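**Student:** Sharing final01.pdb here; it has PDB, N, CA and C atoms.
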ATOM      1  N   MET A 145     130.660  90.913 104.032  1.00  0.00           N
ATOM      2  CA  MET A 145     130.480  91.205 105.440  1.00  0.00           C
ATOM      3  C   MET A 145     129.363  90.374 106.035  1.00  0.00           C
ATOM      4  N   GLY A 146     129.118  89.225 105.530  1.00  0.00           N
ATOM      5  CA  GLY A 146     128.081  88.380 106.096  1.00  0.00           C
ATOM      6  C   GLY A 146     126.926  88.198 105.146  1.00  0.00           C
ATOM      7  N   GLU A 147     125.933  87.478 105.607  1.00  0.00           N
ATOM      8  CA  GLU A 147     124.786  87.155 104.777  1.00  0.00           C
ATOM      9  C   GLU A 147     123.562  88.012 105.062  1.00  0.00           C
ATOM     10  N   LYS A 148     123.637  88.898 106.048  1.00  0.00           N
ATOM     11  CA  LYS A 148     122.488  89.729 106.385  1.00  0.00           C
ATOM     12  C   LYS A 148     122.614  91.108 105.752  1.00  0.00           C
ATOM     13  N   LEU A 149     121.474  91.666 105.371  1.00  0.00           N
ATOM     14  CA  LEU A 149     121.403  93.019 104.836  1.00  0.00           C
ATOM     15  C   LEU A 149     120.651  93.885 105.840  1.00  0.00           C
ATOM     16  N   PHE A 150     121.136  95.093 106.080  1.00  0.00           N
ATOM     17  CA  PHE A 150     120.508  95.995 107.032  1.00  0.00           C
ATOM     18  C   PHE A 150     120.155  97.301 106.333  1.00  0.00           C
ATOM     19  N   ALA A 151     118.910  97.682 106.412  1.00  0.00           N
ATOM     20  CA  ALA A 151     118.453  98.946 105.848  1.00  0.00           C
ATOM     21  C   ALA A 151     118.534 100.016 106.931  1.00  0.00           C
ATOM     22  N   VAL A 152     119.006 101.204 106.542  1.00  0.00           N
ATOM     23  CA  VAL A 152     119.101 102.327 107.473  1.00  0.00           C
ATOM     24  C   VAL A 152     118.515 103.555 106.785  1.00  0.00           C
ATOM     25  N   PRO A 153     117.500 104.195 107.363  1.00  0.00           N
ATOM     26  CA  PRO A 153     116.946 105.411 106.766  1.00  0.00           C
ATOM     27  C   PRO A 153     117.986 106.538 106.781  1.00  0.00           C
ATOM     28  N   TRP A 154     118.002 107.359 105.722  1.00  0.00           N
ATOM     29  CA  TRP A 154     118.946 108.477 105.662  1.00  0.00           C
ATOM     30  C   TRP A 154     118.826 109.380 106.876  1.00  0.00           C
ATOM     31  N   GLU A 155     117.597 109.555 107.383  1.00  0.00           N
ATOM     32  CA  GLU A 155     117.381 110.443 108.528  1.00  0.00           C
ATOM     33  C   GLU A 155     118.068 109.946 109.792  1.00  0.00           C
ATOM     34  N   ALA A 156     118.417 108.671 109.845  1.00  0.00           N
ATOM     35  CA  ALA A 156     119.084 108.119 111.019  1.00  0.00           C
ATOM     36  C   ALA A 156     120.592 108.364 110.998  1.00  0.00           C
ATOM     37  N   LEU A 157     121.105 108.826 109.854  1.00  0.00           N
ATOM     38  CA  LEU A 157     122.541 109.078 109.726  1.00  0.00           C
ATOM     39  C   LEU A 157     122.860 110.539 109.982  1.00  0.00           C
ATOM     40  N   LYS A 158     123.989 110.780 110.611  1.00  0.00           N
ATOM     41  CA  LYS A 158     124.458 112.149 110.872  1.00  0.00           C
ATOM     42  C   LYS A 158     125.738 112.344 110.064  1.00  0.00           C
ATOM     43  N   LEU A 159     125.812 113.447 109.319  1.00  0.00           N
ATOM     44  CA  LEU A 159     126.986 113.733 108.508  1.00  0.00           C
ATOM     45  C   LEU A 159     128.062 114.414 109.351  1.00  0.00           C
ATOM     46  N   ASP A 160     129.225 113.808 109.419  1.00  0.00           N
ATOM     47  CA  ASP A 160     130.388 114.376 110.113  1.00  0.00           C
ATOM     48  C   ASP A 160     131.303 114.947 109.028  1.00  0.00           C
ATOM     49  N   THR A 161     131.193 116.263 108.794  1.00  0.00           N
ATOM     50  CA  THR A 161     131.963 116.885 107.715  1.00  0.00           C
ATOM     51  C   THR A 161     133.448 116.991 108.042  1.00  0.00           C
ATOM     52  N   THR A 162     133.803 117.037 109.305  1.00  0.00           N
ATOM     53  CA  THR A 162     135.206 117.108 109.697  1.00  0.00           C
ATOM     54  C   THR A 162     135.961 115.856 109.283  1.00  0.00           C
ATOM     55  N   ASN A 163     135.374 114.700 109.575  1.00  0.00           N
ATOM     56  CA  ASN A 163     136.022 113.422 109.266  1.00  0.00           C
ATOM     57  C   ASN A 163     135.528 112.790 107.966  1.00  0.00           C
ATOM     58  N   LYS A 164     134.628 113.504 107.271  1.00  0.00           N
ATOM     59  CA  LYS A 164     134.087 113.052 105.982  1.00  0.00           C
ATOM     60  C   LYS A 164     133.509 111.643 106.064  1.00  0.00           C
ATOM     61  N   ARG A 165     132.491 111.505 106.937  1.00  0.00           N
ATOM     62  CA  ARG A 165     131.846 110.203 107.110  1.00  0.00           C
ATOM     63  C   ARG A 165     130.431 110.395 107.657  1.00  0.00           C
ATOM     64  N   PHE A 166     129.649 109.349 107.559  1.00  0.00           N
ATOM     65  CA  PHE A 166     128.336 109.327 108.193  1.00  0.00           C
ATOM     66  C   PHE A 166     128.461 108.584 109.509  1.00  0.00           C
ATOM     67  N   GLU A 167     127.689 109.011 110.499  1.00  0.00           N
ATOM     68  CA  GLU A 167     127.681 108.340 111.799  1.00  0.00           C
ATOM     69  C   GLU A 167     126.273 107.840 112.082  1.00  0.00           C
ATOM     70  N   LEU A 168     126.194 106.683 112.717  1.00  0.00           N
ATOM     71  CA  LEU A 168     124.934 106.086 113.098  1.00  0.00           C
ATOM     72  C   LEU A 168     124.970 105.849 114.595  1.00  0.00           C
ATOM     73  N   ASP A 169     124.042 106.474 115.318  1.00  0.00           N
ATOM     74  CA  ASP A 169     124.032 106.369 116.773  1.00  0.00           C
ATOM     75  C   ASP A 169     123.198 105.164 117.210  1.00  0.00           C
ATOM     76  N   VAL A 170     123.843 104.008 117.285  1.00  0.00           N
ATOM     77  CA  VAL A 170     123.191 102.788 117.743  1.00  0.00           C
ATOM     78  C   VAL A 170     124.128 102.109 118.737  1.00  0.00           C
ATOM     79  N   LYS A 171     123.595 101.771 119.878  1.00  0.00           N
ATOM     80  CA  LYS A 171     124.399 101.073 120.883  1.00  0.00           C
ATOM     81  C   LYS A 171     124.803  99.701 120.362  1.00  0.00           C
ATOM     82  N   LYS A 172     125.927  99.194 120.817  1.00  0.00           N
ATOM     83  CA  LYS A 172     126.423  97.899 120.346  1.00  0.00           C
ATOM     84  C   LYS A 172     125.386  96.802 120.522  1.00  0.00           C
ATOM     85  N   SER A 173     124.673  96.822 121.643  1.00  0.00           N
ATOM     86  CA  SER A 173     123.661  95.795 121.886  1.00  0.00           C
ATOM     87  C   SER A 173     122.500  95.913 120.894  1.00  0.00           C
ATOM     88  N   GLY A 174     122.278  97.102 120.357  1.00  0.00           N
ATOM     89  CA  GLY A 174     121.194  97.319 119.404  1.00  0.00           C
ATOM     90  C   GLY A 174     121.419  96.662 118.060  1.00  0.00           C
ATOM     91  N   TRP A 175     122.660  96.366 117.709  1.00  0.00           N
ATOM     92  CA  TRP A 175     122.960  95.730 116.422  1.00  0.00           C
ATOM     93  C   TRP A 175     122.336  94.345 116.332  1.00  0.00           C
ATOM     94  N   ARG A 176     122.165  93.684 117.449  1.00  0.00           N
ATOM     95  CA  ARG A 176     121.622  92.320 117.422  1.00  0.00           C
ATOM     96  C   ARG A 176     120.115  92.294 117.201  1.00  0.00           C
ATOM     97  N   VAL A 177     119.424  93.367 117.560  1.00  0.00           N
ATOM     98  CA  VAL A 177     117.965  93.352 117.490  1.00  0.00           C
ATOM     99  C   VAL A 177     117.400  94.165 116.337  1.00  0.00           C
ATOM    100  N   ARG A 178     118.238  94.819 115.545  1.00  0.00           N
ATOM    101  CA  ARG A 178     117.709  95.642 114.458  1.00  0.00           C
ATOM    102  C   ARG A 178     117.175  94.765 113.335  1.00  0.00           C
ATOM    103  N   PRO A 179     116.209  95.290 112.581  1.00  0.00           N
ATOM    104  CA  PRO A 179     115.619  94.515 111.493  1.00  0.00           C
ATOM    105  C   PRO A 179     116.665  94.164 110.431  1.00  0.00           C
ATOM    106  N   ALA A 180     116.625  92.926 109.960  1.00  0.00           N
ATOM    107  CA  ALA A 180     117.571  92.470 108.944  1.00  0.00           C
ATOM    108  C   ALA A 180     116.861  91.558 107.959  1.00  0.00           C
ATOM    109  N   SER A 181     117.458  91.413 106.800  1.00  0.00           N
ATOM    110  CA  SER A 181     116.981  90.493 105.788  1.00  0.00           C
ATOM    111  C   SER A 181     118.180  89.697 105.303  1.00  0.00           C
ATOM    112  N   THR A 182     117.945  88.603 104.636  1.00  0.00           N
ATOM    113  CA  THR A 182     119.062  87.806 104.130  1.00  0.00           C
ATOM    114  C   THR A 182     119.283  88.090 102.651  1.00  0.00           C
ATOM    115  N   ARG A 183     120.463  87.796 102.168  1.00  0.00           N
ATOM    116  CA  ARG A 183     120.786  87.997 100.758  1.00  0.00           C
ATOM    117  C   ARG A 183     119.906  87.138  99.857  1.00  0.00           C
ATOM    118  N   THR A 184     119.427  86.029 100.348  1.00  0.00           N
ATOM    119  CA  THR A 184     118.621  85.136  99.523  1.00  0.00           C
ATOM    120  C   THR A 184     117.232  85.696  99.248  1.00  0.00           C
ATOM    121  N   SER A 185     116.804  86.694 100.016  1.00  0.00           N
ATOM    122  CA  SER A 185     115.473  87.252  99.790  1.00  0.00           C
ATOM    123  C   SER A 185     115.456  88.207  98.604  1.00  0.00           C
ATOM    124  N   GLY A 186     116.596  88.511  98.039  1.00  0.00           N
ATOM    125  CA  GLY A 186     116.664  89.353  96.851  1.00  0.00           C
ATOM    126  C   GLY A 186     116.449  90.816  97.143  1.00  0.00           C
ATOM    127  N   PRO A 187     116.175  91.576  96.079  1.00  0.00           N
ATOM    128  CA  PRO A 187     116.062  93.033  96.234  1.00  0.00           C
ATOM    129  C   PRO A 187     114.778  93.490  96.908  1.00  0.00           C
ATOM    130  N   THR A 188     113.787  92.610  97.043  1.00  0.00           N
ATOM    131  CA  THR A 188     112.549  93.009  97.702  1.00  0.00           C
ATOM    132  C   THR A 188     112.607  92.621  99.175  1.00  0.00           C
ATOM    133  N   TRP A 189     112.058  93.470 100.019  1.00  0.00           N
ATOM    134  CA  TRP A 189     112.058  93.212 101.453  1.00  0.00           C
ATOM    135  C   TRP A 189     110.797  92.465 101.834  1.00  0.00           C
ATOM    136  N   PRO A 190     110.832  91.691 102.910  1.00  0.00           N
ATOM    137  CA  PRO A 190     109.626  90.996 103.378  1.00  0.00           C
ATOM    138  C   PRO A 190     108.520  91.999 103.728  1.00  0.00           C
ATOM    139  N   THR A 191     107.284  91.563 103.706  1.00  0.00           N
ATOM    140  CA  THR A 191     106.137  92.416 104.030  1.00  0.00           C
ATOM    141  C   THR A 191     106.311  93.061 105.402  1.00  0.00           C
ATOM    142  N   GLY A 192     106.111  94.365 105.464  1.00  0.00           N
ATOM    143  CA  GLY A 192     106.207  95.091 106.729  1.00  0.00           C
ATOM    144  C   GLY A 192     107.620  95.423 107.171  1.00  0.00           C
ATOM    145  N   PHE A 193     108.614  95.016 106.403  1.00  0.00           N
ATOM    146  CA  PHE A 193     110.007  95.240 106.801  1.00  0.00           C
ATOM    147  C   PHE A 193     110.326  96.733 106.906  1.00  0.00           C
ATOM    148  N   GLY A 194     109.896  97.510 105.928  1.00  0.00           N
ATOM    149  CA  GLY A 194     110.165  98.950 105.939  1.00  0.00           C
ATOM    150  C   GLY A 194     109.620  99.630 107.178  1.00  0.00           C
ATOM    151  N   LYS A 195     108.407  99.263 107.561  1.00  0.00           N
ATOM    152  CA  LYS A 195     107.809  99.860 108.761  1.00  0.00           C
ATOM    153  C   LYS A 195     108.625  99.527 110.003  1.00  0.00           C
ATOM    154  N   ARG A 196     109.122  98.295 110.075  1.00  0.00           N
ATOM    155  CA  ARG A 196     109.945  97.899 111.230  1.00  0.00           C
ATOM    156  C   ARG A 196     111.261  98.671 111.267  1.00  0.00           C
ATOM    157  N   VAL A 197     111.848  98.914 110.103  1.00  0.00           N
ATOM    158  CA  VAL A 197     113.112  99.665 110.034  1.00  0.00           C
ATOM    159  C   VAL A 197     112.902 101.090 110.520  1.00  0.00           C
ATOM    160  N   TYR A 198     111.895 101.780 109.979  1.00  0.00           N
ATOM    161  CA  TYR A 198     111.643 103.162 110.394  1.00  0.00           C
ATOM    162  C   TYR A 198     111.298 103.240 111.879  1.00  0.00           C
ATOM    163  N   ALA A 199     110.518 102.289 112.369  1.00  0.00           N
ATOM    164  CA  ALA A 199     110.157 102.283 113.794  1.00  0.00           C
ATOM    165  C   ALA A 199     111.395 102.072 114.660  1.00  0.00           C
ATOM    166  N   TYR A 200     112.291 101.190 114.245  1.00  0.00           N
ATOM    167  CA  TYR A 200     113.500 100.903 115.022  1.00  0.00           C
ATOM    168  C   TYR A 200     114.363 102.156 115.173  1.00  0.00           C
ATOM    169  N   TYR A 201     114.527 102.909 114.081  1.00  0.00           N
ATOM    170  CA  TYR A 201     115.383 104.095 114.118  1.00  0.00           C
ATOM    171  C   TYR A 201     114.630 105.359 114.521  1.00  0.00           C
ATOM    172  N   GLY A 202     113.317 105.257 114.734  1.00  0.00           N
ATOM    173  CA  GLY A 202     112.528 106.412 115.175  1.00  0.00           C
ATOM    174  C   GLY A 202     112.382 107.486 114.118  1.00  0.00           C
ATOM    175  N   THR A 203     112.327 107.088 112.849  1.00  0.00           N
ATOM    176  CA  THR A 203     112.159 108.038 111.746  1.00  0.00           C
ATOM    177  C   THR A 203     110.857 107.732 111.020  1.00  0.00           C
ATOM    178  N   LYS A 204     110.435 108.660 110.148  1.00  0.00           N
ATOM    179  CA  LYS A 204     109.202 108.481 109.394  1.00  0.00           C
ATOM    180  C   LYS A 204     109.522 108.175 107.935  1.00  0.00           C
ATOM    181  N   PRO A 205     108.746 107.276 107.327  1.00  0.00           N
ATOM    182  CA  PRO A 205     108.955 106.990 105.903  1.00  0.00           C
ATOM    183  C   PRO A 205     108.660 108.212 105.043  1.00  0.00           C
ATOM    184  N   TYR A 206     109.294 108.286 103.878  1.00  0.00           N
ATOM    185  CA  TYR A 206     109.047 109.394 102.961  1.00  0.00           C
ATOM    186  C   TYR A 206     107.589 109.422 102.532  1.00  0.00           C
ATOM    187  N   SER A 207     106.952 108.281 102.481  1.00  0.00           N
ATOM    188  CA  SER A 207     105.564 108.209 101.997  1.00  0.00           C
ATOM    189  C   SER A 207     104.563 108.816 102.974  1.00  0.00           C
ATOM    190  N   GLU A 208     104.954 109.013 104.222  1.00  0.00           N
ATOM    191  CA  GLU A 208     104.046 109.617 105.203  1.00  0.00           C
ATOM    192  C   GLU A 208     104.125 111.127 105.108  1.00  0.00           C
ATOM    193  N   PRO A 209     102.967 111.783 104.957  1.00  0.00           N
ATOM    194  CA  PRO A 209     103.003 113.254 104.924  1.00  0.00           C
ATOM    195  C   PRO A 209     103.364 113.824 106.284  1.00  0.00           C
ATOM    196  N   PRO A 210     104.028 114.975 106.308  1.00  0.00           N
ATOM    197  CA  PRO A 210     104.373 115.583 107.596  1.00  0.00           C
ATOM    198  C   PRO A 210     103.123 115.981 108.367  1.00  0.00           C
ATOM    199  N   ARG A 211     103.170 115.836 109.672  1.00  0.00           N
ATOM    200  CA  ARG A 211     102.015 116.226 110.504  1.00  0.00           C
ATOM    201  C   ARG A 211     102.124 117.706 110.821  1.00  0.00           C
ATOM    202  N   VAL A 212     100.995 118.387 110.667  1.00  0.00           N
ATOM    203  CA  VAL A 212     100.973 119.834 110.908  1.00  0.00           C
ATOM    204  C   VAL A 212     100.242 120.138 112.179  1.00  0.00           C
TER     205      VAL A 212
END
Would you mind giving the structure from this file in structure tokens?
**Tutor:**
Amino acid sequence: MGEKLFAVPWEALKLDTTNKRFELDVKKSGWRVRPASTRTSGPTWPTGFGKRVYAYYGTKPYSEPPRV
């Protein structure tokens, strides 16, 4: 499906049990600006990539403790 890899946090996905699928609420125009990496970069992401992914989808990384 191309040479780009896209990370999506689990919290950004919604489970649709009726149709047995996950849904991702992103506008079509948003696909062009979301954080991506190339296959040539291997299994490790560039520095700061994870933070950009979580910020894009408006979710918090697992490593951040919940705010009370």
**Student:** What's the separation between CA of Phe150 (chain A) and CA of Arg165 (chain A), in Å to one decimal place?
**Tutor:**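 A separation of 18.2 Å between them.
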**Student:** What do you get, as a list in words, if you spell out every residue that the PyMOL selection byres ((chain A and resi 201) around 8) selects here?
**Tutor:**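 The output of the PyMOL selection byres ((chain A and resi 201) around 8) on this file is Val152, Pro153, Glu155, Ala156, Arg178, Pro179, Lys195, Arg196, Val197, Tyr198, Ala199, Tyr200, Gly202, Thr203 and Lys204 of chain A.
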**Student:** Quick one: distance from atom C of Leu149 (chain A) to atom N of Thr191 (chain A) in Å, one decimal?
**Tutor:** 13.7 Å
**Student:** What is the atom C of Phe193 (chain A) to CA of Lys164 (chain A) distance in Å?
**Tutor:**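 Between these atoms lies a distance of 28.8 Å.
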